[in-house]
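Written below as structure tokens is the structure these notes are about.
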Amino acid sequence: MKKAFVTGWPIAHSKSPLLHQYWLNEYGIKGSYEALPVEPQNFKSFLLALPDSGFAGGNVTIPYKEEAFELVQSKDQTAEILGAVNTLWVEDDKVRAGNTDAYGFTNNMDEYAPGWREKENAVVLGAGGASRAVIHAILEAGFKEVHIVNRTLERAKTLADRFGGRCFSHGWHGLGELSGQCRVLVNTTSLGMNRDEEVILPELAGFSEDTIISDIVYTPLQTPLLRLAHARGLKTVDGLGMLLHQAAPGFEKWFGTRPAVSRELRNHILSSMGLDRS
Ligand code: ATR
């Protein structure tokens with residue numbers, strides 16, 4: 001029986017066990033996928049002991065994506081670009097790693113906003129760990145300009161330098177000027193996870209009607225930003241699909257079957273969140 005895990009700190013609220021269990025059931029695979037809380041002081045020994053642990057691999061999430069990147073013996077090209085990993089697997093007694101977050105973002109956009117790749121200029125709100133995969137995915141999709149807007153300008157500048165010529169940095173108030181030229185806006189900040197933050201969310205008035213607004217946060221599913229955008233009649237893409245799509249390559253590595261990201265799976269996760277099917 002193959003075994004896999006997700007670890008982070010904290011990890012109790014992760015939806016990953018639910019979605020991998022759904023796939024194990026759907027494909028009749030005898031296996032397990034469990035949430036393993038590992039305290040920060042134990043993470044290094046946990047990771048180094050993986051080859052002898054009986055696990056085929058697992059996912060790592062906040063706050064371990066960068067530390068795991070430093071510790072693993074080999075990683076894929078996307079992980080090298082992002083400086084972070086989210087998927088581990090044991091191969092030839094070594095821990096190997098990849099990063100499927102950008103893949104998850106791209107597939108979610110392809111599914112819910114087909115045509116997004118033709119929009120040319122994009123805004124990414126936020127310059128933290130989660131923004132890197134989104135910036136990378138947007139550049140890979142062929143966008144001409146990616147504008148990183150962040151409360152702390154210095155962090156946006158560092159990222160723009162890291163990703164090169166098509167990236168530009170702005171402070172939070174730069175958003176107004178960008179609304180005229182950008183048709184894709186992605187929020188990667190934690191803003192909006194607390195429902196009382198609505199008031200400091202960006203003014204969307206300047207964005208034209210054909211703008212796609214996406215949020216990589218999925219709790220709550222309808223973030224204040226997405227609600228505002230929806231009320232203005234703009235196309236919105238929530239963050240749940242990114243979670244579902246990023247999980248598929250890992251499942252295939254550990255259990256040998258590439259799983260489908262279906263509407264039934266989405267509905268299964270939604271009902272666990274107390275939400276209606278969509
Ligand atoms: P993650 O790895 O999840 O991206 P992070 O590295 O802590 O987490 O980054 C959080 C992001 O949310 C940052 O872009 C942060 O802006 P700063 O770089 O200025 O800190 C942004 N963020 C968090 N709370 C915010 C708030 N109240 N207003 C504006 N931006 C906020």
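Here's how to read the names in the structure tokens: chain A, B, ... by the order shown, residue numbers from 1 in each chain, ligand numbers from 1 in the order shown.
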Report as a Markdown table the residues of chain A within 6 Å of ligand 1, each with its shortest atom pair and distance in Å (one decimal), using only C-alpha atoms and all ligand atoms, ordered by chain and increasing residue number.
```
| residue | atom | partner | partner_atom_place_in_ligand_line | distance |
| --- | --- | --- | --- | --- |
| A:Gly126 | CA | ligand 1 | 14 (O) | 3.4 |
| A:Ala127 | CA | ligand 1 | 14 (O) | 4.0 |
| A:Gly128 | CA | ligand 1 | 6 (O) | 3.3 |
| A:Gly129 | CA | ligand 1 | 2 (O) | 3.4 |
| A:Ala130 | CA | ligand 1 | 4 (O) | 3.8 |
| A:Ser131 | CA | ligand 1 | 4 (O) | 5.8 |
| A:Asn150 | CA | ligand 1 | 14 (O) | 5.5 |
| A:Arg151 | CA | ligand 1 | 19 (O) | 3.8 |
| A:Thr152 | CA | ligand 1 | 19 (O) | 3.7 |
| A:Arg155 | CA | ligand 1 | 18 (O) | 5.9 |
| A:Thr189 | CA | ligand 1 | 12 (O) | 3.5 |
| A:Ser190 | CA | ligand 1 | 12 (O) | 4.9 |
| A:Leu191 | CA | ligand 1 | 25 (C) | 5.3 |
```
May I have the residues from that selection written out with N, CA and C atoms, as a PDB file, in the first residue's frame?
```
ATOM      1  N   GLY A 126       0.594  41.556  -4.460  1.00  0.00           N
ATOM      2  CA  GLY A 126       1.343  40.805  -3.457  1.00  0.00           C
ATOM      3  C   GLY A 126       2.714  40.398  -3.971  1.00  0.00           C
ATOM      4  N   ALA A 127       3.661  40.306  -3.046  1.00  0.00           N
ATOM      5  CA  ALA A 127       5.034  39.938  -3.418  1.00  0.00           C
ATOM      6  C   ALA A 127       5.599  38.931  -2.414  1.00  0.00           C
ATOM      7  N   GLY A 128       4.725  38.136  -1.811  1.00  0.00           N
ATOM      8  CA  GLY A 128       5.162  37.113  -0.863  1.00  0.00           C
ATOM      9  C   GLY A 128       5.473  35.811  -1.575  1.00  0.00           C
ATOM     10  N   GLY A 129       5.627  34.753  -0.796  1.00  0.00           N
ATOM     11  CA  GLY A 129       5.964  33.449  -1.358  1.00  0.00           C
ATOM     12  C   GLY A 129       4.962  32.989  -2.407  1.00  0.00           C
ATOM     13  N   ALA A 130       3.679  33.210  -2.142  1.00  0.00           N
ATOM     14  CA  ALA A 130       2.642  32.701  -3.034  1.00  0.00           C
ATOM     15  C   ALA A 130       2.617  33.431  -4.379  1.00  0.00           C
ATOM     16  N   SER A 131       3.152  34.638  -4.421  1.00  0.00           N
ATOM     17  CA  SER A 131       3.082  35.404  -5.679  1.00  0.00           C
ATOM     18  C   SER A 131       4.034  34.861  -6.738  1.00  0.00           C
ATOM     19  N   ASN A 150       2.553  45.875  -4.548  1.00  0.00           N
ATOM     20  CA  ASN A 150       2.663  45.396  -3.161  1.00  0.00           C
ATOM     21  C   ASN A 150       2.712  46.558  -2.180  1.00  0.00           C
ATOM     22  N   ARG A 151       2.148  46.319  -0.986  1.00  0.00           N
ATOM     23  CA  ARG A 151       2.179  47.344   0.071  1.00  0.00           C
ATOM     24  C   ARG A 151       3.624  47.788   0.330  1.00  0.00           C
ATOM     25  N   THR A 152       4.536  46.814   0.428  1.00  0.00           N
ATOM     26  CA  THR A 152       5.951  47.130   0.629  1.00  0.00           C
ATOM     27  C   THR A 152       6.641  47.110  -0.734  1.00  0.00           C
ATOM     28  N   ARG A 155       9.767  44.816  -1.647  1.00  0.00           N
ATOM     29  CA  ARG A 155       9.586  43.382  -1.953  1.00  0.00           C
ATOM     30  C   ARG A 155       9.147  43.197  -3.399  1.00  0.00           C
ATOM     31  N   THR A 189      -2.246  38.067  -2.077  1.00  0.00           N
ATOM     32  CA  THR A 189      -2.030  38.473  -0.680  1.00  0.00           C
ATOM     33  C   THR A 189      -3.054  37.775   0.216  1.00  0.00           C
ATOM     34  N   SER A 190      -2.787  37.850   1.489  1.00  0.00           N
ATOM     35  CA  SER A 190      -3.718  37.257   2.449  1.00  0.00           C
ATOM     36  C   SER A 190      -4.882  38.201   2.728  1.00  0.00           C
ATOM     37  N   LEU A 191      -4.855  39.370   2.094  1.00  0.00           N
ATOM     38  CA  LEU A 191      -5.957  40.325   2.231  1.00  0.00           C
ATOM     39  C   LEU A 191      -7.258  39.683   1.789  1.00  0.00           C
TER      40      LEU A 191
END
```
For Leu82 (chain A), find every residue with an atom within 12 Å (counting only C-alpha atoms), except residues of its own chain fewer than 4 positions away, and show them as a list in words.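 Close residues of Leu82 (chain A): Lys65, Glu66, Phe69, Glu70, Lys75, Asp76, Gln77, Thr78, Asn86, Gly98, Asn99, Thr100, Asp101, Ala102, Gly128, Gly129, Ala130, Ser131, Arg132, Ala133, Val134, Ile135, His136, Ala137, Leu159, Arg162 and Phe163 of chain A.
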Atoms to include: C-alpha atoms. Write the selected residues as an mmCIF file, in the first residue's frame.
```cif
data_model
loop_
_atom_site.group_PDB
_atom_site.id
_atom_site.type_symbol
_atom_site.label_atom_id
_atom_site.label_comp_id
_atom_site.auth_asym_id
_atom_site.auth_seq_id
_atom_site.Cartn_x
_atom_site.Cartn_y
_atom_site.Cartn_z
ATOM 1 C CA LYS A 65 8.209 25.283 0.957
ATOM 2 C CA GLU A 66 11.509 27.195 1.014
ATOM 3 C CA PHE A 69 13.791 23.459 -1.352
ATOM 4 C CA GLU A 70 17.119 23.860 0.476
ATOM 5 C CA LYS A 75 14.353 19.426 -7.821
ATOM 6 C CA ASP A 76 12.626 20.189 -11.076
ATOM 7 C CA GLN A 77 13.199 23.288 -13.194
ATOM 8 C CA THR A 78 10.127 25.183 -11.978
ATOM 9 C CA ASN A 86 5.402 21.824 -2.807
ATOM 10 C CA GLY A 98 8.999 19.764 -7.693
ATOM 11 C CA ASN A 99 6.742 22.769 -7.648
ATOM 12 C CA THR A 100 3.269 22.390 -9.160
ATOM 13 C CA ASP A 101 1.776 25.683 -7.931
ATOM 14 C CA ALA A 102 2.291 27.489 -11.243
ATOM 15 C CA GLY A 128 5.162 37.113 -0.863
ATOM 16 C CA GLY A 129 5.964 33.449 -1.358
ATOM 17 C CA ALA A 130 2.642 32.701 -3.034
ATOM 18 C CA SER A 131 3.082 35.404 -5.679
ATOM 19 C CA ARG A 132 6.133 33.806 -7.268
ATOM 20 C CA ALA A 133 4.323 30.849 -8.804
ATOM 21 C CA VAL A 134 1.651 33.172 -10.204
ATOM 22 C CA ILE A 135 4.198 35.575 -11.719
ATOM 23 C CA HIS A 136 6.076 32.645 -13.254
ATOM 24 C CA ALA A 137 2.874 31.155 -14.679
ATOM 25 C CA LEU A 159 10.696 40.094 -7.282
ATOM 26 C CA ARG A 162 14.324 38.259 -9.984
ATOM 27 C CA PHE A 163 11.897 37.611 -12.831
#
```
Set out as JSON lines a contact list for region 87-204 of chain A and region 230-253 of chain A with a cut-off of 10 Å, giving each residue of region 87-204 of chain A that qualifies its closest atom pair and distance in Å to one decimal, counting only C-alpha atoms, ordered by chain and rising residue number.
```
{"residue": "A:Thr87", "atom": "CA", "partner": "A:Gly250", "partner_atom": "CA", "distance": 6.1}
{"residue": "A:Leu88", "atom": "CA", "partner": "A:Gly250", "partner_atom": "CA", "distance": 7.7}
{"residue": "A:Trp89", "atom": "CA", "partner": "A:Lys253", "partner_atom": "CA", "distance": 7.1}
{"residue": "A:Val90", "atom": "CA", "partner": "A:Lys253", "partner_atom": "CA", "distance": 9.4}
{"residue": "A:Glu91", "atom": "CA", "partner": "A:Lys253", "partner_atom": "CA", "distance": 10.0}
{"residue": "A:Ala97", "atom": "CA", "partner": "A:Gly250", "partner_atom": "CA", "distance": 9.8}
{"residue": "A:Gly98", "atom": "CA", "partner": "A:Gly250", "partner_atom": "CA", "distance": 8.9}
{"residue": "A:Asn99", "atom": "CA", "partner": "A:Gln246", "partner_atom": "CA", "distance": 8.5}
{"residue": "A:Thr100", "atom": "CA", "partner": "A:Gln246", "partner_atom": "CA", "distance": 5.1}
{"residue": "A:Asp101", "atom": "CA", "partner": "A:Gln246", "partner_atom": "CA", "distance": 5.4}
{"residue": "A:Ala102", "atom": "CA", "partner": "A:Gln246", "partner_atom": "CA", "distance": 7.8}
{"residue": "A:Tyr103", "atom": "CA", "partner": "A:Gln246", "partner_atom": "CA", "distance": 6.2}
{"residue": "A:Gly104", "atom": "CA", "partner": "A:Gln246", "partner_atom": "CA", "distance": 4.0}
{"residue": "A:Phe105", "atom": "CA", "partner": "A:Met242", "partner_atom": "CA", "distance": 4.9}
{"residue": "A:Thr106", "atom": "CA", "partner": "A:Met242", "partner_atom": "CA", "distance": 7.9}
{"residue": "A:Asn107", "atom": "CA", "partner": "A:His245", "partner_atom": "CA", "distance": 6.5}
{"residue": "A:Asn108", "atom": "CA", "partner": "A:Gly241", "partner_atom": "CA", "distance": 5.1}
{"residue": "A:Met109", "atom": "CA", "partner": "A:Val237", "partner_atom": "CA", "distance": 7.1}
{"residue": "A:Glu111", "atom": "CA", "partner": "A:Gly241", "partner_atom": "CA", "distance": 8.5}
{"residue": "A:Tyr112", "atom": "CA", "partner": "A:Val237", "partner_atom": "CA", "distance": 6.3}
{"residue": "A:Ala113", "atom": "CA", "partner": "A:Val237", "partner_atom": "CA", "distance": 7.1}
{"residue": "A:Val184", "atom": "CA", "partner": "A:Lys235", "partner_atom": "CA", "distance": 9.6}
{"residue": "A:Leu185", "atom": "CA", "partner": "A:Thr236", "partner_atom": "CA", "distance": 9.6}
{"residue": "A:Val186", "atom": "CA", "partner": "A:Val237", "partner_atom": "CA", "distance": 9.1}
{"residue": "A:Asn187", "atom": "CA", "partner": "A:Gly239", "partner_atom": "CA", "distance": 9.7}
{"residue": "A:Thr188", "atom": "CA", "partner": "A:Gly239", "partner_atom": "CA", "distance": 9.8}
{"residue": "A:Leu204", "atom": "CA", "partner": "A:Arg232", "partner_atom": "CA", "distance": 8.2}
```
I'd like to know which residues of region 71-190 of chain A are strand (DSSP E) (by DSSP, run on the backbone); could you write them as a PyMOL selection string? chain A and resi 74-75+87-91+94-98+121-125+145-150+167-171+184-187
Would you output that residue set with N, CA, C and O atoms, as a CSV table (one decimal), in the first residue's frame?
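Saved the output as again.csv:
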```csv
chain,number,residue,atom,x,y,z
A,74,SER,N,17.3,16.7,-5.2
A,74,SER,CA,17.1,17.2,-6.5
A,74,SER,C,15.8,17.8,-6.7
A,74,SER,O,14.8,17.4,-6.0
A,75,LYS,N,15.6,18.8,-7.6
A,75,LYS,CA,14.4,19.4,-7.8
A,75,LYS,C,14.2,19.8,-9.3
A,75,LYS,O,15.1,19.9,-10.0
A,87,THR,N,5.9,19.6,-3.7
A,87,THR,CA,5.7,18.2,-3.9
A,87,THR,C,7.0,17.4,-3.8
A,87,THR,O,8.0,17.7,-4.4
A,88,LEU,N,7.0,16.4,-2.9
A,88,LEU,CA,8.2,15.6,-2.7
A,88,LEU,C,7.9,14.1,-3.1
A,88,LEU,O,6.7,13.7,-2.9
A,89,TRP,N,8.9,13.4,-3.6
A,89,TRP,CA,8.7,12.0,-3.8
A,89,TRP,C,10.1,11.3,-3.6
A,89,TRP,O,11.1,11.9,-3.7
A,90,VAL,N,10.0,10.1,-3.2
A,90,VAL,CA,11.2,9.3,-2.9
A,90,VAL,C,11.5,8.5,-4.1
A,90,VAL,O,10.7,7.8,-4.7
A,91,GLU,N,12.7,8.6,-4.6
A,91,GLU,CA,13.1,7.9,-5.8
A,91,GLU,C,14.6,7.5,-5.7
A,91,GLU,O,15.4,8.4,-5.3
A,94,LYS,N,16.4,8.6,-2.6
A,94,LYS,CA,16.6,10.1,-2.4
A,94,LYS,C,15.3,10.8,-2.4
A,94,LYS,O,14.3,10.4,-3.0
A,95,VAL,N,15.3,12.0,-1.7
A,95,VAL,CA,14.1,12.8,-1.7
A,95,VAL,C,14.2,13.8,-2.9
A,95,VAL,O,15.2,14.6,-3.0
A,96,ARG,N,13.2,13.7,-3.8
A,96,ARG,CA,13.2,14.6,-5.0
A,96,ARG,C,12.0,15.5,-4.8
A,96,ARG,O,11.1,15.2,-4.1
A,97,ALA,N,12.0,16.7,-5.5
A,97,ALA,CA,11.0,17.6,-5.3
A,97,ALA,C,10.6,18.4,-6.6
A,97,ALA,O,11.5,18.6,-7.5
A,98,GLY,N,9.4,18.9,-6.6
A,98,GLY,CA,9.0,19.8,-7.7
A,98,GLY,C,8.1,20.8,-7.2
A,98,GLY,O,7.7,20.8,-6.0
A,121,ASN,N,-1.3,42.1,-20.6
A,121,ASN,CA,-0.8,42.8,-19.5
A,121,ASN,C,-1.5,42.3,-18.2
A,121,ASN,O,-2.8,42.3,-18.2
A,122,ALA,N,-0.8,42.0,-17.1
A,122,ALA,CA,-1.5,41.6,-15.9
A,122,ALA,C,-0.9,42.3,-14.7
A,122,ALA,O,0.2,42.8,-14.7
A,123,VAL,N,-1.8,42.3,-13.6
A,123,VAL,CA,-1.4,42.8,-12.3
A,123,VAL,C,-1.4,41.7,-11.4
A,123,VAL,O,-2.3,40.9,-11.3
A,124,VAL,N,-0.3,41.6,-10.6
A,124,VAL,CA,-0.3,40.6,-9.5
A,124,VAL,C,-0.2,41.4,-8.2
A,124,VAL,O,0.7,42.2,-8.0
A,125,LEU,N,-1.2,41.2,-7.3
A,125,LEU,CA,-1.2,41.9,-6.0
A,125,LEU,C,-0.5,41.0,-5.1
A,125,LEU,O,-0.8,39.9,-4.8
A,145,GLU,N,3.6,42.1,-20.2
A,145,GLU,CA,4.0,42.9,-18.9
A,145,GLU,C,3.3,42.3,-17.7
A,145,GLU,O,2.1,42.0,-17.8
A,146,VAL,N,4.0,42.1,-16.6
A,146,VAL,CA,3.4,41.7,-15.4
A,146,VAL,C,3.8,42.8,-14.3
A,146,VAL,O,5.0,43.0,-14.1
A,147,HIS,N,2.8,43.4,-13.8
A,147,HIS,CA,3.0,44.5,-12.8
A,147,HIS,C,2.7,44.0,-11.4
A,147,HIS,O,1.6,43.6,-11.1
A,148,ILE,N,3.8,44.0,-10.6
A,148,ILE,CA,3.7,43.5,-9.2
A,148,ILE,C,3.4,44.7,-8.3
A,148,ILE,O,4.2,45.6,-8.3
A,149,VAL,N,2.2,44.6,-7.7
A,149,VAL,CA,1.8,45.7,-6.8
A,149,VAL,C,1.8,45.2,-5.4
A,149,VAL,O,1.2,44.2,-5.1
A,150,ASN,N,2.6,45.9,-4.5
A,150,ASN,CA,2.7,45.4,-3.2
A,150,ASN,C,2.7,46.6,-2.2
A,150,ASN,O,3.2,47.6,-2.5
A,167,CYS,N,8.8,42.3,-16.0
A,167,CYS,CA,8.1,42.6,-14.7
A,167,CYS,C,8.4,44.0,-14.2
A,167,CYS,O,9.5,44.5,-14.4
A,168,PHE,N,7.4,44.6,-13.7
A,168,PHE,CA,7.5,46.0,-13.1
A,168,PHE,C,7.0,46.0,-11.7
A,168,PHE,O,6.0,45.3,-11.4
A,169,SER,N,7.5,46.9,-10.9
A,169,SER,CA,7.1,46.9,-9.5
A,169,SER,C,6.4,48.3,-9.2
A,169,SER,O,6.7,49.3,-9.7
A,170,HIS,N,5.4,48.2,-8.3
A,170,HIS,CA,4.6,49.3,-7.9
A,170,HIS,C,4.2,49.2,-6.4
A,170,HIS,O,4.1,48.1,-5.9
A,171,GLY,N,4.0,50.4,-5.8
A,171,GLY,CA,3.5,50.4,-4.5
A,171,GLY,C,2.0,50.2,-4.6
A,171,GLY,O,1.4,50.2,-5.7
A,184,VAL,N,-6.0,41.4,-16.6
A,184,VAL,CA,-6.0,40.3,-15.7
A,184,VAL,C,-5.4,40.8,-14.4
A,184,VAL,O,-4.4,41.5,-14.4
A,185,LEU,N,-6.1,40.5,-13.3
A,185,LEU,CA,-5.6,40.9,-12.0
A,185,LEU,C,-5.7,39.7,-11.1
A,185,LEU,O,-6.8,39.1,-11.0
A,186,VAL,N,-4.6,39.4,-10.4
A,186,VAL,CA,-4.6,38.2,-9.5
A,186,VAL,C,-4.2,38.6,-8.1
A,186,VAL,O,-3.1,39.3,-8.0
A,187,ASN,N,-5.0,38.3,-7.1
A,187,ASN,CA,-4.6,38.6,-5.8
A,187,ASN,C,-3.9,37.4,-5.1
A,187,ASN,O,-4.4,36.3,-5.1
```
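Distances from A:His13, A:Leu139, A:Pro40, A:Val85 to Val60 (chain A) were compared using only C-alpha atoms, and the smallest one belongs to A:Val85.
The two atoms in question, CA of Arg183 (chain A) and CA of Ile216 (chain A), are spaced 16.9 Å apart.
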Interatomic distance between CA of Ile138 (chain A) and CA of Trp116 (chain A)? 9.7 Å
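Relative to CA of Gly256 (chain A), CA of Tyr27 (chain A) is found at 10.5 Å.
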Mind checking which residues fall within 12 Å of Leu270 (chain A), counting only C-alpha atoms, ignoring those fewer than 4 positions away in the same chain, and posting them as number ranges by chain? A: 15, 18-19, 218-222, 239-241, 244, 263-266, 274-278
From the options A:Ser262, A:Glu120, A:Ser271, A:Tyr33, which residue's atoms come nearest to Glu140 (chain A), counting only C-alpha atoms?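 The shortest atom-to-atom distance to Glu140 (chain A) comes from A:Glu120.
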Considering only helix (DSSP H, G or I) as DSSP defines it on the backbone, what residues of region 69-274 of chain A qualify? List them as a ChimeraX atom specification. /A:69-71,77-82,101-112,116-119,129-140,153-163,172-178,195-200,224-231,240-255,263-272
